[in-house]
Structures are given as structure tokens and as C-alpha cells.
$ cat entry_12.cif   # mmCIF, C-alpha atoms
data_model
#
loop_
_atom_site.label_atom_id
_atom_site.label_comp_id
_atom_site.auth_asym_id
_atom_site.auth_seq_id
_atom_site.Cartn_x
_atom_site.Cartn_y
_atom_site.Cartn_z
CA MET C 89 82.94 48.78 -66.28
CA SER C 90 83.15 46.77 -63.07
CA GLN C 91 79.93 48.44 -61.96
CA ASP C 92 78.19 47.25 -65.15
CA ARG C 93 79.43 43.73 -64.58
CA LEU C 94 78.11 43.88 -61.06
CA LYS C 95 74.72 45.05 -62.27
CA GLN C 96 74.64 42.33 -64.91
CA ALA C 97 75.50 39.72 -62.33
CA PHE C 98 72.63 40.97 -60.20
CA ARG C 99 70.25 40.81 -63.16
CA ASP C 100 71.42 37.28 -63.91
CA LEU C 101 70.82 36.37 -60.30
CA GLN C 102 67.28 37.70 -60.51
CA ARG C 103 66.63 35.53 -63.54
CA LEU C 104 67.42 32.44 -61.47
CA ASP C 105 63.84 32.70 -60.28
CA PRO C 106 61.83 32.33 -63.47
CA MET C 107 58.60 33.03 -61.59
CA LEU C 108 59.85 36.47 -60.60
CA PRO C 109 57.33 38.24 -62.89
CA TYR C 110 54.58 36.75 -60.71
CA ARG C 111 56.06 38.24 -57.58
CA ARG C 112 55.63 41.83 -58.72
CA ILE C 113 52.58 44.03 -58.85
CA TYR C 114 51.52 45.83 -62.00
CA ARG C 115 49.26 48.77 -62.76
CA ALA C 116 46.18 47.99 -64.80
CA LYS C 117 43.15 49.79 -66.18
CA VAL C 118 39.72 48.64 -65.04
CA MET C 119 37.63 47.77 -68.09
CA ALA C 120 34.58 46.32 -66.35
CA GLN C 121 33.29 45.17 -63.00
CA SER C 122 31.08 42.21 -62.12
CA SER C 123 27.53 42.86 -60.94
CA ASP C 124 28.36 41.64 -57.43
CA LEU C 125 31.28 44.13 -57.39
CA ALA C 126 33.65 41.33 -56.33
CA GLN C 127 35.66 41.05 -59.58
CA VAL C 128 37.09 43.29 -62.25
CA ASP C 129 38.27 42.86 -65.82
CA VAL C 130 41.53 44.71 -66.36
CA ARG C 131 43.97 45.64 -69.07
CA PRO C 132 47.53 45.93 -67.69
CA TYR C 133 49.56 48.92 -68.83
CA ASP C 134 52.55 46.58 -69.19
CA SER C 135 52.05 45.10 -72.65
CA SER C 136 53.84 41.90 -71.65
CA LEU C 137 50.78 40.99 -69.59
CA PRO C 138 47.52 39.70 -71.05
CA ASP C 139 44.08 41.21 -70.53
CA MET C 140 42.71 39.60 -67.41
CA ALA C 141 39.03 38.95 -66.70
CA GLY C 142 37.31 38.10 -63.44
CA ILE C 143 40.11 39.17 -61.13
CA GLU C 144 39.27 39.04 -57.42
CA LEU C 145 39.00 42.57 -56.08
CA ARG C 146 40.31 43.45 -52.64
CA HIS C 147 39.93 46.75 -50.83
CA GLY C 148 41.90 46.22 -47.65
CA VAL C 149 38.76 46.28 -45.50
CA PRO C 150 36.99 42.94 -44.97
CA GLY C 151 33.61 42.65 -46.63
CA ILE C 152 33.59 46.08 -48.21
CA LYS C 153 32.39 46.46 -51.79
CA VAL C 154 33.05 49.41 -54.04
CA GLN C 155 31.60 50.16 -57.44
CA VAL C 156 34.15 52.11 -59.43
CA GLN C 157 34.12 54.06 -62.62
CA PRO C 158 35.56 52.01 -65.51
CA GLY C 159 38.84 53.41 -66.75
CA CYS C 160 40.44 53.95 -63.39
CA SER C 161 43.67 52.26 -62.38
CA VAL C 162 44.32 49.48 -59.90
CA GLN C 163 47.26 47.27 -59.01
CA ILE C 164 47.27 43.57 -59.88
CA GLY C 165 49.40 40.72 -58.58
CA TRP C 166 49.39 37.05 -57.67
CA ASP C 167 49.17 35.57 -54.19
CA ASP C 168 52.45 33.88 -53.29
CA GLY C 169 53.58 34.32 -56.90
CA LYS C 170 51.14 31.62 -58.07
CA PRO C 171 49.67 32.00 -61.57
CA HIS C 172 46.28 30.67 -60.47
CA GLN C 173 45.79 33.26 -57.73
CA PRO C 174 45.55 36.71 -59.33
CA PHE C 175 44.12 39.65 -57.42
CA ALA C 176 43.44 43.34 -57.87
CA ALA C 177 43.90 45.89 -55.09
CA LEU C 178 45.22 49.32 -54.26
CA TRP C 179 43.39 51.97 -56.21
CA SER C 180 45.24 54.77 -57.89
CA THR C 181 44.34 58.37 -57.15
CA ASP C 182 42.42 58.61 -60.45
CA ALA C 183 39.83 56.12 -59.15
CA SER C 184 36.45 57.33 -57.95
CA ALA C 185 33.74 55.34 -56.22
CA VAL C 186 30.20 55.25 -57.54
CA ARG C 187 28.90 53.24 -54.61
CA VAL C 188 30.40 51.87 -51.40
CA VAL C 189 28.85 48.98 -49.48
CA ILE C 190 30.05 48.30 -45.95
CA PRO C 191 28.17 45.28 -44.55
CA ALA C 192 29.31 45.77 -40.94
CA THR C 193 27.14 45.18 -37.87
CA SER C 194 28.63 48.28 -36.28
CA LEU C 195 30.06 51.27 -38.07
CA GLU C 196 31.69 54.04 -36.06
CA LEU C 197 32.63 57.31 -37.70
CA GLY C 198 34.51 60.12 -36.05
CA ALA C 199 35.87 59.44 -32.56
CA GLU C 200 36.24 55.85 -31.42
CA ASP C 201 34.23 54.23 -28.60
CA LEU C 202 31.62 57.00 -28.18
CA THR C 203 28.55 55.83 -26.30
CA ASP C 204 26.08 57.63 -28.59
CA PHE C 205 25.50 56.46 -32.13
CA VAL C 206 24.30 58.43 -35.06
CA ILE C 207 20.86 56.91 -35.60
CA LEU C 208 18.85 59.89 -36.92
CA GLY C 209 18.95 61.47 -40.31
CA THR C 210 19.44 65.17 -41.02
CA THR C 211 15.70 65.93 -41.01
CA HIS C 212 15.25 64.39 -37.59
CA PHE C 213 18.20 66.32 -36.26
CA GLU C 214 16.81 69.57 -37.66
CA ASN C 215 13.41 68.82 -36.13
CA LEU C 216 15.09 68.21 -32.80
CA ALA C 217 16.96 71.53 -33.02
CA THR C 218 13.74 73.35 -33.98
CA CYS C 219 11.88 71.75 -31.10
CA MET C 220 14.58 72.68 -28.59
CA THR C 221 14.75 76.23 -29.95
CA THR C 222 10.96 76.61 -29.64
CA LEU C 223 11.04 75.14 -26.17
CA GLY C 224 13.84 77.50 -25.13
CA ALA C 225 11.95 80.54 -26.48
CA ALA C 226 8.81 79.49 -24.62
CA LEU C 227 10.71 79.04 -21.41
CA THR C 228 12.30 82.47 -21.83
CA LYS C 229 8.84 84.04 -22.35
CA LEU C 230 7.69 82.34 -19.21
CA GLY C 231 10.55 84.01 -17.35
CA GLN C 232 12.70 80.87 -17.19
CA VAL C 233 15.60 82.68 -18.78
CA ASP C 234 18.27 80.30 -17.51
CA ALA C 235 16.37 77.27 -18.77
CA GLY C 236 15.73 78.96 -22.09
CA SER C 237 19.37 79.84 -22.38
CA ALA C 238 20.30 76.24 -21.55
CA CYS C 239 18.13 75.05 -24.44
CA ALA C 240 19.83 77.46 -26.79
CA THR C 241 23.22 76.31 -25.57
CA LEU C 242 22.19 72.69 -26.12
CA VAL C 243 21.03 73.40 -29.64
CA ALA C 244 24.27 75.24 -30.34
CA SER C 245 26.23 72.27 -29.06
CA LEU C 246 24.37 69.68 -31.12
CA PRO C 247 26.18 70.27 -34.41
CA THR C 248 29.50 69.73 -32.64
CA ALA C 249 28.40 66.55 -30.86
CA LEU C 250 26.84 65.14 -34.03
CA SER C 251 29.32 66.55 -36.46
CA THR C 252 29.58 63.40 -38.56
CA ARG C 253 27.31 63.39 -41.57
CA VAL C 254 25.98 59.98 -42.44
CA ARG C 255 23.49 59.29 -45.16
CA VAL C 256 21.76 55.94 -45.28
CA GLY C 257 19.71 54.78 -48.20
CA MET N 26 73.22 1.14 -79.50
CA LEU N 27 72.60 4.84 -80.00
CA THR N 28 72.38 6.40 -83.41
CA LEU N 29 71.43 9.86 -84.52
CA THR N 30 69.49 10.66 -87.66
CA ILE N 31 69.69 14.19 -89.02
CA GLY N 32 67.72 14.56 -92.21
CA LYS N 33 68.37 11.38 -94.17
CA ASP N 34 71.77 10.68 -92.64
CA THR N 35 72.04 8.23 -89.78
CA ARG N 36 75.25 8.27 -87.81
CA ASP N 37 76.56 6.19 -84.94
CA VAL N 38 77.17 8.17 -81.82
CA ALA N 39 80.85 8.12 -80.96
CA ARG N 40 80.33 9.19 -77.38
CA GLY N 41 77.98 11.13 -75.23
CA THR N 42 75.30 11.02 -72.57
CA LEU N 43 71.54 10.80 -72.75
CA THR N 44 69.81 12.03 -69.60
CA LEU N 45 66.17 11.23 -68.96
CA PRO N 46 64.77 13.08 -65.94
CA ARG N 47 61.44 12.27 -64.32
CA VAL N 48 60.46 15.95 -64.39
CA GLY N 49 61.20 18.19 -67.35
CA ASN N 50 62.79 17.54 -70.71
CA TRP N 51 65.38 14.96 -71.61
CA ILE N 52 68.68 16.07 -73.04
CA ALA N 53 71.56 14.46 -74.88
CA ASN N 54 75.11 15.67 -75.31
CA LEU N 55 76.49 13.60 -78.16
CA THR N 56 79.49 13.53 -80.45
CA VAL N 57 79.07 12.15 -83.96
CA ASN N 58 81.25 11.94 -87.02
CA ALA N 59 79.96 14.60 -89.39
CA ASP N 60 81.18 17.03 -91.98
CA GLY N 61 79.65 20.18 -90.56
CA PRO N 62 77.23 21.72 -88.07
CA ALA N 63 73.56 20.81 -88.13
CA THR N 64 70.40 22.53 -87.07
CA GLY N 65 66.71 21.73 -86.70
CA SER N 66 65.23 18.41 -85.82
CA ALA N 67 66.85 15.01 -85.39
CA VAL N 68 65.99 11.56 -84.15
CA ALA N 69 68.08 9.78 -81.58
CA THR N 70 67.52 6.04 -81.75
CA LEU N 71 68.27 4.12 -78.60
CA ASP N 72 68.15 0.35 -79.09
CA GLY N 73 65.51 0.66 -81.74
CA VAL N 74 63.44 3.27 -79.91
CA ASP N 75 63.14 6.50 -81.89
CA MET N 76 63.38 9.64 -79.81
CA PRO N 77 62.51 12.80 -81.79
CA CYS N 78 64.54 15.75 -80.65
CA HIS N 79 65.72 19.23 -81.48
CA ILE N 80 69.31 20.32 -82.04
CA GLN N 81 69.77 23.07 -79.51
CA LYS N 82 73.47 23.55 -80.13
CA ALA N 83 75.96 22.13 -82.63
CA GLU N 84 79.66 22.77 -82.91
CA MET N 85 82.55 21.17 -84.81
CA VAL N 86 85.31 20.16 -82.41
CA ALA N 87 88.44 18.40 -83.65
CA GLY N 88 86.70 17.16 -86.76
CA MET N 89 83.72 15.77 -84.84
CA LEU N 90 80.29 17.29 -84.36
CA ASP N 91 79.34 18.01 -80.76
CA LEU N 92 75.60 18.30 -80.31
CA ARG N 93 73.27 19.24 -77.55
CA LEU N 94 69.81 17.82 -78.10
CA VAL N 95 66.56 18.31 -76.24
CA GLY N 96 63.45 16.18 -76.53
CA GLY N 97 60.58 17.33 -78.72
CA ASN N 98 60.80 20.41 -80.88
CA GLY N 99 62.90 22.59 -78.60
CA GLY N 100 60.05 24.95 -77.76
CA LEU N 101 59.87 24.53 -73.99
CA GLY N 102 62.65 27.00 -73.37
CA LYS N 103 60.88 29.71 -75.32
CA SER N 104 58.63 32.29 -73.73
CA ALA N 105 55.02 31.25 -73.41
CA GLN N 106 52.25 33.16 -75.10
CA ARG N 107 50.64 35.53 -72.62
CA ASN N 108 47.14 34.50 -71.75
CA HIS N 109 44.62 34.64 -68.94
CA TYR N 110 41.98 32.05 -68.13
CA LYS N 111 38.96 32.14 -65.87
CA GLY N 112 37.20 28.88 -65.06
CA ALA N 113 39.41 26.74 -67.31
CA THR N 114 40.79 23.28 -66.61
CA VAL N 115 44.35 22.02 -66.43
CA ARG N 116 43.76 20.39 -69.83
CA HIS N 117 42.90 23.69 -71.48
CA THR N 118 45.90 25.48 -70.04
CA PHE N 119 48.26 22.53 -70.58
CA VAL N 120 47.30 22.12 -74.25
CA ASP N 121 47.61 25.86 -74.90
CA LEU N 122 51.03 26.02 -73.24
CA VAL N 123 52.41 22.96 -75.00
CA GLN N 124 51.00 23.70 -78.43
CA GLY N 125 51.89 27.37 -78.08
CA ALA N 126 55.51 26.26 -77.69
CA GLY N 127 55.30 24.18 -80.84
CA GLU N 128 55.25 20.92 -78.92
CA VAL N 129 52.76 18.05 -78.87
CA PRO N 130 50.76 17.21 -75.74
CA SER N 131 50.50 13.54 -74.85
CA LEU N 132 46.83 13.67 -73.96
CA LYS N 133 46.14 9.93 -74.09
CA ALA N 134 49.02 9.06 -71.81
CA SER N 135 48.45 11.98 -69.44
CA ASP N 136 46.45 11.64 -66.25
CA ALA N 137 42.74 12.36 -66.90
CA ALA N 138 42.10 13.37 -63.29
CA VAL N 139 44.82 15.97 -63.53
CA LEU N 140 43.72 17.19 -66.96
CA ASN N 141 40.11 17.58 -65.81
CA GLN N 142 41.02 19.52 -62.67
CA PRO N 143 39.30 22.93 -62.77
CA LEU N 144 41.49 25.98 -62.29
CA PRO N 145 39.92 28.98 -60.56
CA ALA N 146 42.12 31.21 -62.69
CA TRP N 147 45.39 31.09 -64.56
CA THR N 148 47.71 33.70 -65.99
CA SER N 149 50.43 32.75 -68.44
CA LEU N 150 53.13 35.38 -68.61
CA ALA N 151 55.97 35.53 -71.12
CA ILE N 152 58.36 33.29 -69.23
CA PRO N 153 59.84 29.98 -70.46
CA THR N 154 57.08 27.48 -71.17
CA GLY N 155 58.84 24.76 -69.21
CA GLU N 156 58.71 26.92 -66.11
CA LEU N 157 54.99 27.47 -66.57
CA LEU N 158 54.43 23.74 -67.02
CA GLN N 159 56.15 23.19 -63.70
CA ALA N 160 53.98 25.88 -62.12
CA LEU N 161 50.91 24.23 -63.65
CA ALA N 162 51.94 20.85 -62.22
CA ASP N 163 52.51 22.49 -58.82
CA THR N 164 49.09 24.13 -59.00
CA ALA N 165 47.38 20.87 -59.93
CA ALA N 166 49.21 19.16 -57.08
CA GLU N 167 48.02 21.81 -54.67
CA LEU N 168 44.41 21.59 -55.84
CA LEU N 169 44.35 17.78 -56.00
CA GLY N 170 46.35 17.20 -52.84
CA GLN N 171 48.81 14.84 -54.52
CA ASP N 172 52.10 14.98 -56.39
CA VAL N 173 51.83 15.94 -60.04
CA SER N 174 54.72 15.78 -62.50
CA TRP N 175 55.36 16.62 -66.12
CA ARG N 176 58.00 15.48 -68.55
CA VAL N 177 58.83 15.08 -72.18
CA LEU N 178 58.40 11.42 -73.08
CA TYR N 179 60.86 9.52 -75.25
CA ASP N 180 58.64 10.16 -78.28
CA GLY N 181 58.94 13.92 -77.82
CA THR N 182 55.40 14.47 -76.55
CA VAL N 183 54.69 16.24 -73.28
CA TRP N 184 53.02 14.33 -70.44
CA ILE N 185 51.44 15.55 -67.20
CA GLY N 186 50.02 13.51 -64.38
CA ALA N 187 50.47 11.72 -61.10
CA GLU N 188 53.14 9.03 -61.11
CA THR N 189 51.86 5.44 -61.03
CA TRP N 190 55.31 3.89 -60.72
CA PRO N 191 54.83 0.81 -62.88
CA ALA N 192 57.51 -1.88 -62.74
CA CYS N 193 60.41 -1.37 -65.12
CA PRO N 194 59.84 -3.81 -67.98
CA ALA N 195 63.53 -4.35 -68.66
CA ASP N 196 65.48 -7.26 -67.24
CA VAL N 197 68.21 -5.42 -65.37
CA ARG N 198 71.44 -6.59 -63.81
CA ILE N 199 72.75 -4.35 -61.09
CA LEU N 200 76.51 -4.01 -61.54
CA ASP N 201 77.24 -1.49 -58.85
CA ILE N 202 75.45 0.41 -56.13
CA ASP N 203 76.25 3.88 -54.91
CA ALA N 204 74.23 4.09 -51.74
CA ALA N 205 75.44 7.57 -50.90
CA ASN N 206 73.94 8.93 -54.11
CA SER N 207 71.01 6.51 -54.21
CA SER N 208 72.07 5.34 -57.64
CA GLN N 209 72.77 2.01 -59.32
CA LEU N 210 74.81 1.03 -62.34
CA LEU N 211 72.92 -1.32 -64.59
CA GLY N 212 73.99 -3.86 -67.13
CA THR N 213 71.14 -4.36 -69.52
CA ASP N 214 69.55 -3.26 -72.69
CA ALA N 215 68.43 0.27 -72.05
CA LEU N 216 65.05 -0.33 -73.60
CA GLY N 217 62.37 0.05 -70.97
CA ILE N 218 64.38 1.82 -68.32
CA TRP N 219 62.51 5.04 -68.05
CA PRO N 220 62.03 7.53 -65.22
CA GLY N 221 58.74 7.08 -63.42
CA THR N 222 59.08 3.28 -63.30
CA THR N 223 60.25 1.06 -60.47
CA ILE N 224 63.08 -1.41 -60.08
CA GLY N 225 62.46 -3.53 -57.01
CA ASN N 226 61.15 -1.05 -54.48
CA ARG N 227 63.20 1.77 -55.90
CA ARG N 228 61.46 4.50 -57.86
CA ILE N 229 63.51 5.69 -60.80
CA ASP N 230 63.94 9.44 -60.71
CA SER N 231 66.37 9.86 -63.57
CA VAL N 232 68.26 7.67 -66.01
CA VAL N 233 71.60 8.45 -67.61
CA HIS N 234 72.88 6.46 -70.55
CA GLN N 235 76.53 6.88 -71.33
CA VAL N 236 77.81 5.89 -74.74
CA GLY N 237 81.37 5.55 -76.01
CA GLY N 238 84.73 4.77 -74.50
CA ASN N 239 85.37 1.22 -73.40
CA ASN N 240 81.97 0.58 -71.93
CA ARG N 241 78.46 1.71 -72.33
CA SER N 242 76.71 2.26 -69.01
CA THR N 243 73.28 3.03 -67.72
CA VAL N 244 72.91 4.60 -64.31
CA TYR N 245 69.67 5.44 -62.64
CA TRP N 246 69.02 7.57 -59.63
CA ALA N 247 66.25 6.59 -57.26
CA GLU N 248 64.11 8.94 -55.24
CA ALA N 249 66.20 10.06 -52.32
CA HIS N 250 63.86 8.81 -49.61
CA LEU N 251 63.89 5.19 -50.79
#

$ encode --input "entry_12.cif" --output "C-alpha cells"
Amino acid sequence: MSQDRLKQAFRDLQRLDPMLPYRRIYRAKVMAQSSDLAQVDVRPYDSSLPDMAGIELRHGVPGIKVQVQPGCSVQIGWDDGKPHQPFAALWSTDASAVRVVIPATSLELGAEDLTDFVILGTTHFENLATCMTTLGAALTKLGQVDAGSACATLVASLPTALSTRVRVG
Amino acid sequence: MLTLTIGKDTRDVARGTLTLPRVGNWIANLTVNADGPATGSAVATLDGVDMPCHIQKAEMVAGMLDLRLVGGNGGLGKSAQRNHYKGATVRHTFVDLVQGAGEVPSLKASDAAVLNQPLPAWTSLAIPTGELLQALADTAAELLGQDVSWRVLYDGTVWIGAETWPACPADVRILDIDAANSSQLLGTDALGIWPGTTIGNRRIDSVVHQVGGNNRSTVYWAEAHL
């Protein structure tokens, strides 16, 4: 009994802040997304909330834009508990991206601070490997076995050095 | 003189207080001679000024009817209708909130600059309408860079805007000053002493009329910094 009274007192205390519902986050279903990918229309799962259109979408990475499949779930809330500052963020695991745009001047994948950047596509890399393989075979035929072997070693090492797969366009 | 009209019956108020705040709704705790409890709407008449109100609570005590009244139709304490706006103005949101609570917005008296202020977005959740009106006033203040208030006027309509602090039209006699509480006791007809006006250089923040007993009194509280 005393425990119930304690809980009730705590609930009453919470109600002292009438804006408390604006200081929570809620799960909502994405119904649509704006063409610039910056806003979403959502339908909260909590029926005490209205449908909300044109909610600012945040991904946690500055500048990034993600096109998502409608129907996935996202969290919604209000900055500083203010009714005029709604936002949507934090995707649920059911969300999948159709398109991701990262407008960064430098994008590093894999290990940090490497001096070489991935600037060639898969075809160019394959051409390079073919060229080095041909060159190594020719050197071997010419009796330059060590040099030919070095080419083969280099080709074998390329997939490890350029292990990140990046597709542009 | 304070009377209370419930239905067709007008009764003198035996005793009680009428509190008019600068922000929010006015309330009255009154005791009248009546046969039984009452509900619904009523009109408090203060020196000839009708003040429509809602009976929030009524109880018979020792043969007298104790009443708690709030200005307007008593809807501001009820949960607002949930709604979301994109690219609306304060006017749109204000009218929806007030009318959704069964109250009447005072659009002519309200501040046009505040009403026309665009809102980037607005979400009304199911919390008491009065709380959302305060949040709306705070939002308008933030966007406009100036203080914005709201209150229920004496006629029961809901006003929003920036204070202009006009001079109090009543001819007041100051009977006593409580400097510690920044309040003054007035001897005057109450008519015209409303929050949001100015007496001398003192801005009236709230007014309390006390009725009954040996003396009727009117006390106002000024803004603390004056």
C-alpha cells in the first residue's frame, strides 16, 4: 500500500510539468518523404499524437541525406520540449535505405588517415591487375623470375590494400 | 458591488475573492446565499461590469453556496485536441486551441503582430489547453524577440499579445503599500483596475478584489522589478 502511494506521489510529481509529453520521444511510421529528402510525414504509433507532416529529418551525420522506404519506423521528438520544434531521427531496424547522399569533400572508408585514396572503379582496378599479371608473365619469360614474381605478389596484395568497395554513380 | 447571476437568479455575494492575473485565467471563490448547488455558466457582475464565467466547483457549506468560478466557459483546463501544423501562423493555432476548448478568441483585441507571426511548425498534444496557450505565447515571444502574454479578459474571451501597459483608467486612492510584496491596497471603484495596465509607473501584474466582512478591498501586485 505504501509503495502504491509512493508511486502515485511520483506520478503526481511528474504531472507538475504539463509539457512533459514534449520531452519524450515516440516511435512513428514514415508515411512519405519530401523530394529533397529533408523531411518526412509520419504517423505516430501512440494514438494520443496527431499525424505529423513535414518533420525535419536528422541522421546523426551532418549533411547526409537518406531516402527510405515508406512504412519504416523512426523516432520523433521536440527540441527542448518546444511544440514548434519537432524532429525525426533514429531509425528502427526495420528501416532500409533506397539511396544515401553524403555531400562531404572527403570521405574515408576503412582505416583512418591512409595516404592513398580509392579513386578508381572496379574495372580500372581489374585492368591494373591484368596489366601487372601480363607484365609479370612477360618478365618471367624473359628470365626475370624475381621481377615476375614481384609483380604477382603485388597483384595478390592489391585486393587487401584496396579492400574497400566503393561505387560512385 | 459584486453579484452573481446563475440562470435567471441574481444573488449578492456574501464574501469571496476575485483574482485577475495578467497571464492565464481569472478565478473567483465566492459564497452566496442559495438553496442548492449549481453547475454550468454564470455571470459575475463587478460594479456593473458583466464577467461571464463557468462554475468549476459548487458546494453547500453551512447553508451557503461556496463556488469556484473561472473566466469563460471553463474549457482551458481540458485537454487540447491533438493537431499538427506546418507553415501556420500563431493566429491559426491560437484560434484552433481556444475554439477547440469551447472558448472564444478575442481576435480584435489581440495583438495583430503576434497573431500574424508565422510558425515553422506546431504540434498540439492532449495536454491542458491553458498550458498550450502558454507554450504558444512563449514560442511567439521567442520568434518575435519580445514578451508575449495571454489571458482571459473580463468578458470571458481569450486574448494574446504583447503588453502595451496603458494607464489604469480608474481614479485610485492608495490606502496602504506593502513594499516587500510590491503590492498596494486601493480604495476606489474596482471598475477599470485590470492587469496589464499601469498605475503611476507601476505595471499591474494581478488584481485581487476581496468582498465581504467589514470592508471590501482591492489589492494589486506590481511587476516585481518595478

$ interface_residues --input "entry_12.cif" --of "chain N" --to "chain C" --cutoff "12 Å" --atoms "all atoms listed in the file" --output "PyMOL selection string"
chain N and resi 102+104-115+118+143-165+167-168

$ atom_distance --input "entry_12.cif" --atom1 "CA of Leu242 in chain C" --atom2 "CA of Leu230 in chain C"
18.7 Å

$ atom_distance --input "entry_12.cif" --atom1 "CA of Leu178 in chain C" --atom2 "CA of Ser122 in chain C"
17.7 Å

$ atom_distance --input "entry_12.cif" --atom1 "CA of Leu140 in chain N" --atom2 "CA of Asp180 in chain N"
20.0 Å

$ resolve_selection --input "entry_12.cif" --expression "the PyMOL selection byres ((chain N and resi 190-194) around 9)" --output "PDB file with C-alpha atoms, keeping the file's coordinate frame"
ATOM      1  CA  GLU N 188      53.140   9.030 -61.110  1.00  0.00           C
ATOM      2  CA  THR N 189      51.860   5.440 -61.030  1.00  0.00           C
ATOM      3  CA  ALA N 195      63.530  -4.350 -68.660  1.00  0.00           C
ATOM      4  CA  ASP N 196      65.480  -7.260 -67.240  1.00  0.00           C
ATOM      5  CA  VAL N 197      68.210  -5.420 -65.370  1.00  0.00           C
ATOM      6  CA  LEU N 216      65.050  -0.330 -73.600  1.00  0.00           C
ATOM      7  CA  GLY N 217      62.370   0.050 -70.970  1.00  0.00           C
ATOM      8  CA  ILE N 218      64.380   1.820 -68.320  1.00  0.00           C
ATOM      9  CA  TRP N 219      62.510   5.040 -68.050  1.00  0.00           C
ATOM     10  CA  PRO N 220      62.030   7.530 -65.220  1.00  0.00           C
ATOM     11  CA  GLY N 221      58.740   7.080 -63.420  1.00  0.00           C
ATOM     12  CA  THR N 222      59.080   3.280 -63.300  1.00  0.00           C
ATOM     13  CA  THR N 223      60.250   1.060 -60.470  1.00  0.00           C
ATOM     14  CA  ILE N 224      63.080  -1.410 -60.080  1.00  0.00           C
ATOM     15  CA  GLY N 225      62.460  -3.530 -57.010  1.00  0.00           C
ATOM     16  CA  ARG N 228      61.460   4.500 -57.860  1.00  0.00           C
ATOM     17  CA  ILE N 229      63.510   5.690 -60.800  1.00  0.00           C
TER      18      ILE N 229
END

$ resolve_selection --input "entry_12.cif" --expression "the PyMOL selection byres ((chain N and resi 70-87) around 10)" --output "VMD selection string"
chain N and resid 26 to 31 35 37 to 38 43 51 to 69 88 to 100 178 to 182 214 to 217 234

$ resolve_selection --input "entry_12.cif" --expression "the PyMOL selection byres ((chain C and resi 237-240) around 8)" --output "list in words"
Met220, Thr221, Leu223, Gly224, Thr228, Val233, Asp234, Ala235, Gly236, Thr241, Leu242, Val243 and Ala244 of chain C

$ closest_residue --input "entry_12.cif" --among "C:Val188, C:Ile113, C:Thr193, C:Arg131" --to "Gly165 in chain C" --atoms "all atoms listed in the file"
C:Ile113

$ decode --input "entry_12.cif" --residues "range 52-66 of chain N" --atoms "N, CA and C atoms" --output "tab-separated table (two decimals), in the first residue's frame"
chain	number	residue	atom	x	y	z
N	52	ILE	N	-10.06	33.82	-11.70
N	52	ILE	CA	-10.85	32.90	-10.88
N	52	ILE	C	-11.55	33.68	-9.78
N	53	ALA	N	-12.63	33.11	-9.29
N	53	ALA	CA	-13.33	33.71	-8.16
N	53	ALA	C	-13.76	32.61	-7.21
N	54	ASN	N	-13.51	32.80	-5.96
N	54	ASN	CA	-14.01	31.92	-4.91
N	54	ASN	C	-15.03	32.73	-4.11
N	55	LEU	N	-16.30	32.41	-4.31
N	55	LEU	CA	-17.36	33.24	-3.76
N	55	LEU	C	-18.32	32.41	-2.91
N	56	THR	N	-18.95	33.08	-1.99
N	56	THR	CA	-20.00	32.45	-1.18
N	56	THR	C	-21.28	33.26	-1.37
N	57	VAL	N	-22.34	32.59	-1.76
N	57	VAL	CA	-23.62	33.27	-1.98
N	57	VAL	C	-24.72	32.53	-1.21
N	58	ASN	N	-25.80	33.23	-0.99
N	58	ASN	CA	-26.94	32.62	-0.32
N	58	ASN	C	-27.78	31.89	-1.38
N	59	ALA	N	-27.82	30.60	-1.30
N	59	ALA	CA	-28.56	29.83	-2.31
N	59	ALA	C	-29.13	28.58	-1.69
N	60	ASP	N	-30.09	28.02	-2.39
N	60	ASP	CA	-30.78	26.84	-1.85
N	60	ASP	C	-30.02	25.55	-2.12
N	61	GLY	N	-29.26	25.50	-3.18
N	61	GLY	CA	-28.59	24.25	-3.52
N	61	GLY	C	-27.46	24.49	-4.50
N	62	PRO	N	-26.71	23.43	-4.78
N	62	PRO	CA	-25.55	23.55	-5.68
N	62	PRO	C	-25.96	23.98	-7.08
N	63	ALA	N	-25.03	24.53	-7.79
N	63	ALA	CA	-25.28	24.99	-9.16
N	63	ALA	C	-24.17	24.50	-10.06
N	64	THR	N	-24.49	24.39	-11.31
N	64	THR	CA	-23.48	23.99	-12.30
N	64	THR	C	-23.64	24.85	-13.55
N	65	GLY	N	-22.67	24.72	-14.45
N	65	GLY	CA	-22.78	25.39	-15.75
N	65	GLY	C	-22.21	26.79	-15.73
N	66	SER	N	-22.88	27.66	-16.46
N	66	SER	CA	-22.35	29.00	-16.63
N	66	SER	C	-22.98	29.97	-15.64
